[in-house]
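Asker: structure18.csv is reproduced below (CSV, C-alpha atoms).
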chain,number,residue,atom,x,y,z
A,1,ASN,CA,-12.0,-14.0,-0.4
A,2,ALA,CA,-15.0,-12.0,0.8
A,3,GLY,CA,-12.8,-9.4,2.5
A,4,VAL,CA,-14.5,-7.6,5.4
A,5,THR,CA,-18.2,-8.4,5.9
A,6,GLN,CA,-20.5,-6.4,8.1
A,7,THR,CA,-24.0,-7.3,9.2
A,8,PRO,CA,-26.6,-5.9,9.3
A,9,LYS,CA,-26.4,-3.2,6.6
A,10,PHE,CA,-29.3,-1.3,8.1
A,11,GLN,CA,-30.9,-1.3,11.6
A,12,VAL,CA,-33.4,0.8,13.4
A,13,LEU,CA,-33.4,0.8,17.2
A,14,LYS,CA,-35.4,2.4,19.9
A,15,THR,CA,-33.6,4.3,22.7
A,16,GLY,CA,-32.4,1.9,25.4
A,17,GLN,CA,-32.3,-1.2,23.2
A,18,SER,CA,-29.2,-3.2,22.8
A,19,MET,CA,-27.7,-4.8,19.7
A,20,THR,CA,-24.5,-6.1,18.1
A,21,LEU,CA,-23.0,-5.1,14.9
A,22,GLN,CA,-21.1,-8.0,13.4
A,23,CYS,CA,-17.8,-7.8,11.5
A,24,ALA,CA,-15.9,-10.8,10.0
A,25,GLN,CA,-12.8,-10.9,7.8
A,26,ASP,CA,-11.3,-13.9,6.0
A,27,MET,CA,-7.9,-12.5,5.3
A,28,ASN,CA,-6.2,-13.6,8.5
A,29,HIS,CA,-5.6,-10.0,9.5
A,30,GLU,CA,-4.2,-9.2,12.9
A,31,TYR,CA,-5.6,-5.7,13.2
A,32,MET,CA,-9.3,-4.9,13.3
A,33,SER,CA,-11.1,-1.7,14.2
A,34,TRP,CA,-14.5,0.0,14.3
A,35,TYR,CA,-15.2,3.6,13.1
A,36,ARG,CA,-18.2,5.7,13.0
A,37,GLN,CA,-18.8,8.3,10.3
A,38,ASP,CA,-21.0,11.3,10.9
A,39,PRO,CA,-21.6,14.3,8.6
A,40,GLY,CA,-19.0,17.0,9.1
A,41,MET,CA,-17.1,14.9,11.6
A,42,GLY,CA,-15.2,12.4,9.4
A,43,LEU,CA,-14.4,9.0,10.6
A,44,ARG,CA,-13.7,8.5,14.3
A,45,LEU,CA,-12.1,5.4,15.8
A,46,ILE,CA,-14.3,3.7,18.4
A,47,HIS,CA,-12.3,0.5,19.4
A,48,TYR,CA,-9.6,-1.5,17.9
A,49,SER,CA,-7.8,-4.9,18.3
A,50,VAL,CA,-4.3,-5.9,17.5
A,51,GLY,CA,-5.0,-9.7,17.8
A,52,ALA,CA,-7.3,-12.2,19.4
A,53,GLY,CA,-7.9,-11.4,23.1
A,54,ILE,CA,-6.5,-7.9,22.8
A,55,THR,CA,-8.7,-4.8,22.5
A,56,ASP,CA,-8.2,-1.1,23.2
A,57,GLN,CA,-10.2,2.1,23.1
A,58,GLY,CA,-10.2,4.7,20.3
A,59,GLU,CA,-11.4,8.3,20.3
A,60,VAL,CA,-15.0,7.7,21.0
A,61,PRO,CA,-15.4,4.5,23.0
A,62,ASN,CA,-18.2,5.4,25.4
A,63,GLY,CA,-21.4,3.4,24.9
A,64,TYR,CA,-19.7,0.7,23.0
A,65,ASN,CA,-18.1,-2.7,23.9
A,66,VAL,CA,-16.0,-5.0,21.9
A,67,SER,CA,-14.4,-8.4,22.2
A,68,ARG,CA,-12.0,-10.4,20.0
A,69,SER,CA,-12.3,-14.1,20.7
A,70,THR,CA,-11.1,-15.2,17.3
A,71,THR,CA,-8.9,-13.7,14.6
A,72,GLU,CA,-11.8,-13.5,12.2
A,73,ASP,CA,-14.5,-11.8,14.2
A,74,PHE,CA,-14.8,-8.4,15.9
A,75,PRO,CA,-18.3,-7.6,17.1
A,76,LEU,CA,-19.4,-4.1,18.3
A,77,ARG,CA,-22.0,-4.1,21.0
A,78,LEU,CA,-24.3,-1.2,21.9
A,79,LEU,CA,-25.5,-1.9,25.4
A,80,SER,CA,-28.2,0.8,25.7
A,81,ALA,CA,-28.7,2.7,22.4
A,82,ALA,CA,-29.0,6.5,22.4
A,83,PRO,CA,-30.0,8.9,19.5
A,84,SER,CA,-26.4,10.2,19.5
A,85,GLN,CA,-25.3,6.8,18.3
A,86,THR,CA,-27.2,7.2,15.0
A,87,SER,CA,-24.4,6.9,12.5
A,88,VAL,CA,-22.8,4.8,9.8
A,89,TYR,CA,-20.4,2.2,11.3
A,90,PHE,CA,-17.5,0.8,9.5
A,91,CYS,CA,-15.3,-2.1,10.4
A,92,ALA,CA,-11.8,-2.2,9.0
A,93,SER,CA,-8.9,-4.6,9.1
A,94,SER,CA,-5.2,-4.7,8.3
A,95,PRO,CA,-2.6,-7.5,8.0
A,96,ARG,CA,-0.5,-6.1,10.8
A,97,PRO,CA,-1.1,-3.7,13.7
A,98,LEU,CA,-0.9,-0.1,12.7
A,99,GLY,CA,2.6,1.2,13.1
A,100,LEU,CA,5.9,1.1,11.2
A,101,ASN,CA,5.2,-2.1,9.2
A,102,THR,CA,1.5,-1.7,8.7
A,103,GLY,CA,-0.2,-2.7,5.5
A,104,GLU,CA,-3.3,-1.2,3.9
A,105,LEU,CA,-6.5,-0.8,5.7
A,106,PHE,CA,-9.5,-2.7,4.2
A,107,PHE,CA,-13.0,-1.5,5.0
A,108,GLY,CA,-16.4,-3.2,5.1
A,109,GLU,CA,-19.4,-1.7,3.3
A,110,GLY,CA,-20.8,-0.2,6.5
A,111,SER,CA,-23.8,-0.6,8.8
A,112,ARG,CA,-26.3,2.3,8.9
A,113,LEU,CA,-27.8,2.6,12.4
A,114,THR,CA,-30.7,4.8,13.4
A,115,VAL,CA,-31.7,5.2,17.0
A,116,LEU,CA,-35.2,6.7,17.6
B,1,LYS,CA,-3.5,15.3,19.2
B,2,GLN,CA,-3.3,14.7,15.4
B,3,GLU,CA,-5.5,16.9,13.4
B,4,VAL,CA,-6.0,16.4,9.7
B,5,THR,CA,-7.3,19.1,7.2
B,6,GLN,CA,-8.3,18.5,3.6
B,7,ILE,CA,-8.6,21.4,1.2
B,8,PRO,CA,-10.7,22.0,-0.8
B,9,ALA,CA,-13.8,20.5,0.9
B,10,ALA,CA,-15.4,20.2,-2.5
B,11,LEU,CA,-14.2,20.5,-6.1
B,12,SER,CA,-16.0,20.3,-9.5
B,13,VAL,CA,-13.9,20.0,-12.7
B,14,PRO,CA,-14.6,19.2,-16.3
B,15,GLU,CA,-13.5,15.8,-17.6
B,16,GLY,CA,-9.9,15.6,-18.7
B,17,GLU,CA,-8.5,18.1,-16.2
B,18,ASN,CA,-5.5,17.3,-14.0
B,19,LEU,CA,-6.2,18.1,-10.3
B,20,VAL,CA,-4.6,18.2,-6.9
B,21,LEU,CA,-6.1,17.4,-3.6
B,22,ASN,CA,-4.4,18.6,-0.4
B,23,CYS,CA,-4.0,17.0,3.0
B,24,SER,CA,-2.2,18.6,6.0
B,25,PHE,CA,-1.6,17.1,9.4
B,26,THR,CA,-0.3,18.6,12.6
B,27,ASP,CA,1.8,15.7,14.1
B,28,SER,CA,4.6,14.9,11.6
B,29,ALA,CA,5.8,11.8,13.6
B,30,ILE,CA,3.9,9.4,11.3
B,31,TYR,CA,4.8,6.0,10.0
B,32,ASN,CA,2.8,6.3,6.8
B,33,LEU,CA,-0.2,7.9,5.2
B,34,GLN,CA,-3.0,6.4,3.2
B,35,TRP,CA,-5.3,7.9,0.6
B,36,PHE,CA,-8.8,6.5,0.3
B,37,ARG,CA,-11.8,6.8,-2.0
B,38,GLN,CA,-15.4,6.6,-0.8
B,39,ASP,CA,-18.3,6.3,-3.1
B,40,PRO,CA,-21.8,7.4,-1.9
B,41,GLY,CA,-23.3,4.8,0.5
B,42,LYS,CA,-20.2,2.6,0.3
B,43,GLY,CA,-17.1,1.8,2.4
B,44,LEU,CA,-13.6,3.2,1.8
B,45,THR,CA,-11.2,1.8,-0.7
B,46,SER,CA,-7.5,2.2,-0.2
B,47,LEU,CA,-5.9,4.0,-3.2
B,48,LEU,CA,-2.3,4.5,-2.1
B,49,LEU,CA,-0.1,3.9,0.9
B,50,ILE,CA,3.0,6.0,1.3
B,51,GLN,CA,5.6,5.0,3.9
B,52,SER,CA,7.3,7.7,5.9
B,53,SER,CA,10.6,7.0,4.1
B,54,GLN,CA,9.0,7.5,0.7
B,55,ARG,CA,8.3,10.8,-1.1
B,56,GLU,CA,5.9,9.6,-3.8
B,57,GLN,CA,3.7,6.6,-4.7
B,58,THR,CA,2.0,6.1,-8.0
B,59,SER,CA,-0.9,3.9,-9.2
B,60,GLY,CA,-2.1,4.5,-12.7
B,61,ARG,CA,-3.4,8.0,-13.0
B,62,LEU,CA,-2.9,8.7,-9.3
B,63,ASN,CA,0.2,10.1,-7.7
B,64,ALA,CA,0.5,10.8,-4.0
B,65,SER,CA,3.4,12.7,-2.5
B,66,LEU,CA,4.4,13.1,1.2
B,67,ASP,CA,6.4,15.8,2.9
B,68,LYS,CA,6.5,14.6,6.4
B,69,SER,CA,8.5,17.4,7.8
B,70,SER,CA,5.9,20.0,6.7
B,71,GLY,CA,3.0,17.8,7.5
B,72,ARG,CA,1.6,17.7,4.0
B,73,SER,CA,0.5,15.2,1.4
B,74,THR,CA,-1.0,15.8,-2.1
B,75,LEU,CA,-3.0,13.4,-4.3
B,76,TYR,CA,-2.6,14.2,-8.0
B,77,ILE,CA,-5.2,12.8,-10.4
B,78,ALA,CA,-4.3,13.0,-14.1
B,79,ALA,CA,-6.8,13.3,-16.9
B,80,SER,CA,-9.8,13.1,-14.6
B,81,GLN,CA,-12.9,11.0,-15.6
B,82,PRO,CA,-16.5,11.1,-14.5
B,83,GLY,CA,-15.8,7.7,-12.8
B,84,ASP,CA,-13.3,9.5,-10.5
B,85,SER,CA,-16.2,11.3,-8.8
B,86,ALA,CA,-16.2,10.4,-5.1
B,87,THR,CA,-15.0,11.6,-1.8
B,88,TYR,CA,-11.2,11.3,-1.2
B,89,LEU,CA,-9.9,11.0,2.3
B,90,CYS,CA,-6.4,11.0,3.7
B,91,ALA,CA,-5.3,9.3,6.9
B,92,PRO,CA,-1.9,9.7,8.5
B,93,ASN,CA,-0.9,6.8,10.7
B,94,GLY,CA,1.2,7.1,13.8
B,95,GLY,CA,2.3,10.1,15.7
B,96,ALA,CA,1.6,10.3,19.4
B,97,THR,CA,-1.7,8.4,19.1
B,98,ASN,CA,-0.3,5.6,16.9
B,99,LYS,CA,-3.7,5.4,15.3
B,100,LEU,CA,-5.1,6.2,11.9
B,101,ILE,CA,-6.8,9.6,12.0
B,102,PHE,CA,-8.9,10.7,9.0
B,103,GLY,CA,-9.5,14.0,7.4
B,104,THR,CA,-13.1,15.0,6.5
B,105,GLY,CA,-12.4,14.5,2.8
B,106,THR,CA,-12.7,16.3,-0.5
B,107,LEU,CA,-15.8,15.7,-2.5
B,108,LEU,CA,-14.8,15.6,-6.2
B,109,ALA,CA,-17.3,15.9,-9.1
B,110,VAL,CA,-15.9,15.4,-12.6
B,111,GLN,CA,-18.4,16.7,-15.2
B,112,PRO,CA,-18.6,14.9,-18.5
Is it possible to give me this structure as structure tokens?
Answerer:
Amino acid sequence: NAGVTQTPKFQVLKTGQSMTLQCAQDMNHEYMSWYRQDPGMGLRLIHYSVGAGITDQGEVPNGYNVSRSTTEDFPLRLLSAAPSQTSVYFCASSPRPLGLNTGELFFGEGSRLTVL
Amino acid sequence: KQEVTQIPAALSVPEGENLVLNCSFTDSAIYNLQWFRQDPGKGLTSLLLIQSSQREQTSGRLNASLDKSSGRSTLYIAASQPGDSATYLCAPNGGATNKLIFGTGTLLAVQP
């Protein structure tokens, strides 16, 4: 199993451009999520999904869109990039939705985004 | 809102020492708590998952404890090695938000 795969690993954008960060997992996990990690701020939840066709907002959803058309894929879209979105983005998945019977959370290697 | 604090923020110890990393959280109504390790430029790796009904969980030289009522967890690392150098993060799951909320981590350096 490849686990959680994120692409691209590095990306530079200009303000106003759009792009999609890809996330795929091959573990048949129900739960998938996107975090951003900033110095001194820790990891903050952007969006999450508890199954195909179901998404919800996390702590910092503004400026980001997600969809979950398949169990395997959970892309994160930046519609109009801003310098404040410069960050490292992590995708994570878990066998079951977070809650009483959740399993471990598995992370991808991260995507480093710079917005000029 | 769940708030997670990790103390100390950074720690440097000589090889072979036993050490304790602390995690405190404000909302004790959690389902479980995970400890993660993050190496520079890498993603997070799950170390231990403690369910709310458990008091301890062990994996090799690592032992994590959970005191849900007081909102505290500790990660004990025995006989530390230079390869243990990394940032360690705790993340309680549940409470009012039913989400995994991360602390800012403890940066550990084990000197050979």
Asker: For the interface of chain A with chain B (cut-off 6 Å, counting only C-alpha atoms), please tabulate each contacting residue of chain A alongside its nearest pair of atoms and their separation in Å to one decimal, rows sorted by chain and increasing number, as a Markdown table.
Answerer:
| residue | atom | partner | partner_atom | distance |
| --- | --- | --- | --- | --- |
| A:Gly42 | CA | B:Thr104 | CA | 4.4 |
| A:Leu43 | CA | B:Phe102 | CA | 6.0 |
| A:Leu100 | CA | B:Tyr31 | CA | 5.2 |
| A:Phe107 | CA | B:Leu44 | CA | 5.7 |
| A:Gly108 | CA | B:Gly43 | CA | 5.7 |
| A:Glu109 | CA | B:Gly43 | CA | 4.3 |
| A:Gly110 | CA | B:Gly43 | CA | 5.9 |
Asker: Can you tell me how far atom CA of Gln22 of chain A sits from atom CA of Cys91 of chain A, in Å to one decimal?
Answerer: 8.8 Å
Asker: I need the residue nearest Ser80 of chain B from this list: B:Val4, B:Ala9, B:Leu19, B:Ala29. Use all atoms listed in the file for the distance.
Answerer: B:Leu19
Asker: Which residues are near Pro8 of chain A? Cut-off 9 Å, all atoms listed in the file, ignore same chain within fewer than 2 positions. Put them as a ChimeraX atom specification.
Answerer: /A:6,10-11,21-22,110-112
Asker: Filtering to C-alpha atoms, could you give me those residues as a PDB file, in the frame of the given file?
Answerer:
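Final output, part-v1.pdb:
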ATOM      1  CA  GLN A   6     -20.500  -6.400   8.100  1.00  0.00           C
ATOM      2  CA  PHE A  10     -29.300  -1.300   8.100  1.00  0.00           C
ATOM      3  CA  GLN A  11     -30.900  -1.300  11.600  1.00  0.00           C
ATOM      4  CA  LEU A  21     -23.000  -5.100  14.900  1.00  0.00           C
ATOM      5  CA  GLN A  22     -21.100  -8.000  13.400  1.00  0.00           C
ATOM      6  CA  GLY A 110     -20.800  -0.200   6.500  1.00  0.00           C
ATOM      7  CA  SER A 111     -23.800  -0.600   8.800  1.00  0.00           C
ATOM      8  CA  ARG A 112     -26.300   2.300   8.900  1.00  0.00           C
TER       9      ARG A 112
END
Asker: Determine, counting all atoms listed in the file, which protein, DNA and RNA residues have an atom within 8 Å of an atom of Val13 of chain B; residues of the same chain fewer than 5 positions away are not included. Present the result as a list in words.
Answerer: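 The neighbour list is Leu108, Ala109, Val110 and Gln111 of chain B.
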Asker: Please provide the set of residues having any atom within 10 Å of Arg96 of chain A, restricted to all atoms listed in the file, with same-chain residues fewer than 6 positions apart removed, written as a PyMOL selection string.
Answerer: chain A and resi 28-32+50-51+102-105
Asker: In the coordinates of the file, take the point (-27.8, -4.7, 21.8) and a cut-off of 12 Å; then, counting all atoms listed in the file, name each qualifying protein, DNA or RNA residue as a PDB file with C-alpha atoms, keeping the file's coordinate frame.
Answerer:
ATOM      1  CA  GLN A  11     -30.900  -1.300  11.600  1.00  0.00           C
ATOM      2  CA  VAL A  12     -33.400   0.800  13.400  1.00  0.00           C
ATOM      3  CA  LEU A  13     -33.400   0.800  17.200  1.00  0.00           C
ATOM      4  CA  LYS A  14     -35.400   2.400  19.900  1.00  0.00           C
ATOM      5  CA  THR A  15     -33.600   4.300  22.700  1.00  0.00           C
ATOM      6  CA  GLY A  16     -32.400   1.900  25.400  1.00  0.00           C
ATOM      7  CA  GLN A  17     -32.300  -1.200  23.200  1.00  0.00           C
ATOM      8  CA  SER A  18     -29.200  -3.200  22.800  1.00  0.00           C
ATOM      9  CA  MET A  19     -27.700  -4.800  19.700  1.00  0.00           C
ATOM     10  CA  THR A  20     -24.500  -6.100  18.100  1.00  0.00           C
ATOM     11  CA  LEU A  21     -23.000  -5.100  14.900  1.00  0.00           C
ATOM     12  CA  GLN A  22     -21.100  -8.000  13.400  1.00  0.00           C
ATOM     13  CA  GLY A  63     -21.400   3.400  24.900  1.00  0.00           C
ATOM     14  CA  TYR A  64     -19.700   0.700  23.000  1.00  0.00           C
ATOM     15  CA  ASN A  65     -18.100  -2.700  23.900  1.00  0.00           C
ATOM     16  CA  VAL A  66     -16.000  -5.000  21.900  1.00  0.00           C
ATOM     17  CA  PRO A  75     -18.300  -7.600  17.100  1.00  0.00           C
ATOM     18  CA  LEU A  76     -19.400  -4.100  18.300  1.00  0.00           C
ATOM     19  CA  ARG A  77     -22.000  -4.100  21.000  1.00  0.00           C
ATOM     20  CA  LEU A  78     -24.300  -1.200  21.900  1.00  0.00           C
ATOM     21  CA  LEU A  79     -25.500  -1.900  25.400  1.00  0.00           C
ATOM     22  CA  SER A  80     -28.200   0.800  25.700  1.00  0.00           C
ATOM     23  CA  ALA A  81     -28.700   2.700  22.400  1.00  0.00           C
ATOM     24  CA  ALA A  82     -29.000   6.500  22.400  1.00  0.00           C
ATOM     25  CA  LEU A 113     -27.800   2.600  12.400  1.00  0.00           C
ATOM     26  CA  VAL A 115     -31.700   5.200  17.000  1.00  0.00           C
TER      27      VAL A 115
END
Asker: Using only C-alpha atoms, find the one residue out of B:Asp27, B:Glu56, B:Asp67, B:Glu17 that sits nearest to Ala79 of chain B.
Answerer: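 Using only C-alpha atoms, Ala79 of chain B sits closest to B:Glu17.
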Asker: Just want the 9 Å neighbourhood of Ser69 of chain B, counted on only C-alpha atoms, with same-chain residues fewer than 3 positions away dropped. Output as a list in words.
Answerer: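 Within the cut-off, the hits are Ser28, Ala29, Leu66 and Arg72 of chain B.
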Asker: Between B:Ser53, B:Thr5, B:Leu62, B:Pro112, which one has atoms that come closest to Arg37 of chain B, using only C-alpha atoms?
Answerer: B:Leu62
Asker: Which one of A:Thr7, A:Gln85, A:Ser49, A:Gln37 sits closest to Leu98 of chain A if you count only C-alpha atoms?
Answerer: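 Nearest to Leu98 of chain A: A:Ser49.
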Asker: Expressed in Å to a single decimal, how great is the separation between atom CA of Gly3 of chain A and atom CA of Met27 of chain A?
Answerer: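 Interatomic distance, atom CA of Gly3 of chain A to atom CA of Met27 of chain A: 6.4 Å.
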Asker: So how many Å separate atom CA of Tyr89 of chain A and atom CA of Phe25 of chain B, to one decimal?
Answerer: 24.1 Å
Asker: Determine the axis-aligned bounding box of all atoms of segment 89-93 of chain B present in the file, pad each side by 6 Å, and express its centre and edge lengths in Å to one decimal place as JSON.
Answerer:
{"center_x": -5.4, "center_y": 8.9, "center_z": 6.5, "size_x": 21.0, "size_y": 16.2, "size_z": 20.4}
Asker: Identify which of the residues A:Pro83, A:Ala24, A:Thr71, A:Ala92 lies closest to Tyr48 of chain A, counting all atoms listed in the file when measuring atom-to-atom distances.
Answerer: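 Using all atoms listed in the file, Tyr48 of chain A sits closest to A:Ala92.
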Asker: Using only C-alpha atoms for the distances, tell me which of B:Ser12, B:Gln38, B:Ser24, B:Gln2 is nearest to Ser73 of chain B.
Answerer: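 Of all the options, B:Ser24 lies closest to Ser73 of chain B.
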Asker: Starting from the incomplete input, reconstruct N, CA, C and O atoms of segment 40-66 of chain A and write that as a PDB file, in the coordinates of the input.
Answerer:
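Contents of result.pdb, freshly written:
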ATOM      1  N   GLY A  40     -19.760  15.900   8.564  1.00  0.00           N
ATOM      2  CA  GLY A  40     -19.000  17.000   9.100  1.00  0.00           C
ATOM      3  C   GLY A  40     -17.941  16.591  10.139  1.00  0.00           C
ATOM      4  O   GLY A  40     -17.134  17.414  10.556  1.00  0.00           O
ATOM      5  N   MET A  41     -17.979  15.324  10.570  1.00  0.00           N
ATOM      6  CA  MET A  41     -17.100  14.900  11.600  1.00  0.00           C
ATOM      7  C   MET A  41     -16.007  13.925  11.101  1.00  0.00           C
ATOM      8  O   MET A  41     -15.057  13.595  11.793  1.00  0.00           O
ATOM      9  N   GLY A  42     -16.193  13.422   9.914  1.00  0.00           N
ATOM     10  CA  GLY A  42     -15.200  12.400   9.400  1.00  0.00           C
ATOM     11  C   GLY A  42     -15.394  11.107  10.096  1.00  0.00           C
ATOM     12  O   GLY A  42     -16.396  10.842  10.769  1.00  0.00           O
ATOM     13  N   LEU A  43     -14.408  10.271   9.933  1.00  0.00           N
ATOM     14  CA  LEU A  43     -14.400   9.000  10.600  1.00  0.00           C
ATOM     15  C   LEU A  43     -13.695   9.064  11.928  1.00  0.00           C
ATOM     16  O   LEU A  43     -12.600   9.618  12.011  1.00  0.00           O
ATOM     17  N   ARG A  44     -14.300   8.500  12.959  1.00  0.00           N
ATOM     18  CA  ARG A  44     -13.700   8.500  14.300  1.00  0.00           C
ATOM     19  C   ARG A  44     -13.591   7.080  14.793  1.00  0.00           C
ATOM     20  O   ARG A  44     -14.528   6.291  14.692  1.00  0.00           O
ATOM     21  N   LEU A  45     -12.443   6.781  15.371  1.00  0.00           N
ATOM     22  CA  LEU A  45     -12.100   5.400  15.800  1.00  0.00           C
ATOM     23  C   LEU A  45     -12.856   5.147  17.154  1.00  0.00           C
ATOM     24  O   LEU A  45     -12.746   5.914  18.102  1.00  0.00           O
ATOM     25  N   ILE A  46     -13.571   4.014  17.206  1.00  0.00           N
ATOM     26  CA  ILE A  46     -14.300   3.700  18.400  1.00  0.00           C
ATOM     27  C   ILE A  46     -13.479   2.707  19.284  1.00  0.00           C
ATOM     28  O   ILE A  46     -13.176   2.992  20.435  1.00  0.00           O
ATOM     29  N   HIS A  47     -13.156   1.545  18.740  1.00  0.00           N
ATOM     30  CA  HIS A  47     -12.300   0.500  19.400  1.00  0.00           C
ATOM     31  C   HIS A  47     -11.476  -0.144  18.346  1.00  0.00           C
ATOM     32  O   HIS A  47     -11.827  -0.155  17.174  1.00  0.00           O
ATOM     33  N   TYR A  48     -10.383  -0.748  18.797  1.00  0.00           N
ATOM     34  CA  TYR A  48      -9.600  -1.500  17.900  1.00  0.00           C
ATOM     35  C   TYR A  48      -8.956  -2.714  18.594  1.00  0.00           C
ATOM     36  O   TYR A  48      -8.970  -2.794  19.826  1.00  0.00           O
ATOM     37  N   SER A  49      -8.431  -3.645  17.789  1.00  0.00           N
ATOM     38  CA  SER A  49      -7.800  -4.900  18.300  1.00  0.00           C
ATOM     39  C   SER A  49      -6.595  -5.214  17.505  1.00  0.00           C
ATOM     40  O   SER A  49      -6.634  -5.175  16.277  1.00  0.00           O
ATOM     41  N   VAL A  50      -5.519  -5.566  18.196  1.00  0.00           N
ATOM     42  CA  VAL A  50      -4.300  -5.900  17.500  1.00  0.00           C
ATOM     43  C   VAL A  50      -4.107  -7.452  17.438  1.00  0.00           C
ATOM     44  O   VAL A  50      -3.074  -7.932  16.960  1.00  0.00           O
ATOM     45  N   GLY A  51      -5.088  -8.199  17.917  1.00  0.00           N
ATOM     46  CA  GLY A  51      -5.000  -9.700  17.800  1.00  0.00           C
ATOM     47  C   GLY A  51      -6.082 -10.255  18.752  1.00  0.00           C
ATOM     48  O   GLY A  51      -6.705  -9.548  19.560  1.00  0.00           O
ATOM     49  N   ALA A  52      -6.300 -11.551  18.602  1.00  0.00           N
ATOM     50  CA  ALA A  52      -7.300 -12.200  19.400  1.00  0.00           C
ATOM     51  C   ALA A  52      -7.003 -12.030  20.893  1.00  0.00           C
ATOM     52  O   ALA A  52      -5.862 -12.184  21.338  1.00  0.00           O
ATOM     53  N   GLY A  53      -8.040 -11.641  21.631  1.00  0.00           N
ATOM     54  CA  GLY A  53      -7.900 -11.400  23.100  1.00  0.00           C
ATOM     55  C   GLY A  53      -7.410 -10.064  23.476  1.00  0.00           C
ATOM     56  O   GLY A  53      -7.309  -9.762  24.673  1.00  0.00           O
ATOM     57  N   ILE A  54      -7.097  -9.196  22.502  1.00  0.00           N
ATOM     58  CA  ILE A  54      -6.500  -7.900  22.800  1.00  0.00           C
ATOM     59  C   ILE A  54      -7.396  -6.787  22.174  1.00  0.00           C
ATOM     60  O   ILE A  54      -7.574  -6.774  20.954  1.00  0.00           O
ATOM     61  N   THR A  55      -7.939  -5.900  23.008  1.00  0.00           N
ATOM     62  CA  THR A  55      -8.700  -4.800  22.500  1.00  0.00           C
ATOM     63  C   THR A  55      -8.286  -3.499  23.192  1.00  0.00           C
ATOM     64  O   THR A  55      -7.718  -3.550  24.293  1.00  0.00           O
ATOM     65  N   ASP A  56      -8.576  -2.362  22.568  1.00  0.00           N
ATOM     66  CA  ASP A  56      -8.200  -1.100  23.200  1.00  0.00           C
ATOM     67  C   ASP A  56      -9.201  -0.024  22.674  1.00  0.00           C
ATOM     68  O   ASP A  56      -9.887  -0.205  21.665  1.00  0.00           O
ATOM     69  N   GLN A  57      -9.261   1.087  23.417  1.00  0.00           N
ATOM     70  CA  GLN A  57     -10.200   2.100  23.100  1.00  0.00           C
ATOM     71  C   GLN A  57      -9.630   3.091  22.048  1.00  0.00           C
ATOM     72  O   GLN A  57      -8.426   3.348  22.014  1.00  0.00           O
ATOM     73  N   GLY A  58     -10.532   3.653  21.247  1.00  0.00           N
ATOM     74  CA  GLY A  58     -10.200   4.700  20.300  1.00  0.00           C
ATOM     75  C   GLY A  58     -10.561   6.055  20.812  1.00  0.00           C
ATOM     76  O   GLY A  58     -10.526   6.323  22.009  1.00  0.00           O
ATOM     77  N   GLU A  59     -10.989   6.928  19.895  1.00  0.00           N
ATOM     78  CA  GLU A  59     -11.400   8.300  20.300  1.00  0.00           C
ATOM     79  C   GLU A  59     -12.694   8.404  20.967  1.00  0.00           C
ATOM     80  O   GLU A  59     -12.872   9.250  21.850  1.00  0.00           O
ATOM     81  N   VAL A  60     -13.667   7.587  20.549  1.00  0.00           N
ATOM     82  CA  VAL A  60     -15.000   7.700  21.000  1.00  0.00           C
ATOM     83  C   VAL A  60     -15.594   6.389  21.524  1.00  0.00           C
ATOM     84  O   VAL A  60     -16.553   5.859  20.972  1.00  0.00           O
ATOM     85  N   PRO A  61     -15.037   5.801  22.588  1.00  0.00           N
ATOM     86  CA  PRO A  61     -15.400   4.500  23.000  1.00  0.00           C
ATOM     87  C   PRO A  61     -16.698   4.368  23.863  1.00  0.00           C
ATOM     88  O   PRO A  61     -17.285   3.290  23.999  1.00  0.00           O
ATOM     89  N   ASN A  62     -17.127   5.503  24.432  1.00  0.00           N
ATOM     90  CA  ASN A  62     -18.200   5.400  25.400  1.00  0.00           C
ATOM     91  C   ASN A  62     -19.513   4.957  24.765  1.00  0.00           C
ATOM     92  O   ASN A  62     -19.927   5.438  23.715  1.00  0.00           O
ATOM     93  N   GLY A  63     -20.161   3.982  25.429  1.00  0.00           N
ATOM     94  CA  GLY A  63     -21.400   3.400  24.900  1.00  0.00           C
ATOM     95  C   GLY A  63     -21.243   2.198  24.071  1.00  0.00           C
ATOM     96  O   GLY A  63     -22.245   1.630  23.622  1.00  0.00           O
ATOM     97  N   TYR A  64     -20.002   1.805  23.841  1.00  0.00           N
ATOM     98  CA  TYR A  64     -19.700   0.700  23.000  1.00  0.00           C
ATOM     99  C   TYR A  64     -18.794  -0.334  23.685  1.00  0.00           C
ATOM    100  O   TYR A  64     -17.879   0.066  24.398  1.00  0.00           O
ATOM    101  N   ASN A  65     -19.045  -1.620  23.429  1.00  0.00           N
ATOM    102  CA  ASN A  65     -18.100  -2.700  23.900  1.00  0.00           C
ATOM    103  C   ASN A  65     -17.700  -3.536  22.753  1.00  0.00           C
ATOM    104  O   ASN A  65     -18.443  -3.705  21.775  1.00  0.00           O
ATOM    105  N   VAL A  66     -16.503  -4.086  22.873  1.00  0.00           N
ATOM    106  CA  VAL A  66     -16.000  -5.000  21.900  1.00  0.00           C
ATOM    107  C   VAL A  66     -15.322  -6.186  22.538  1.00  0.00           C
ATOM    108  O   VAL A  66     -14.966  -6.140  23.713  1.00  0.00           O
TER     109      VAL A  66
END
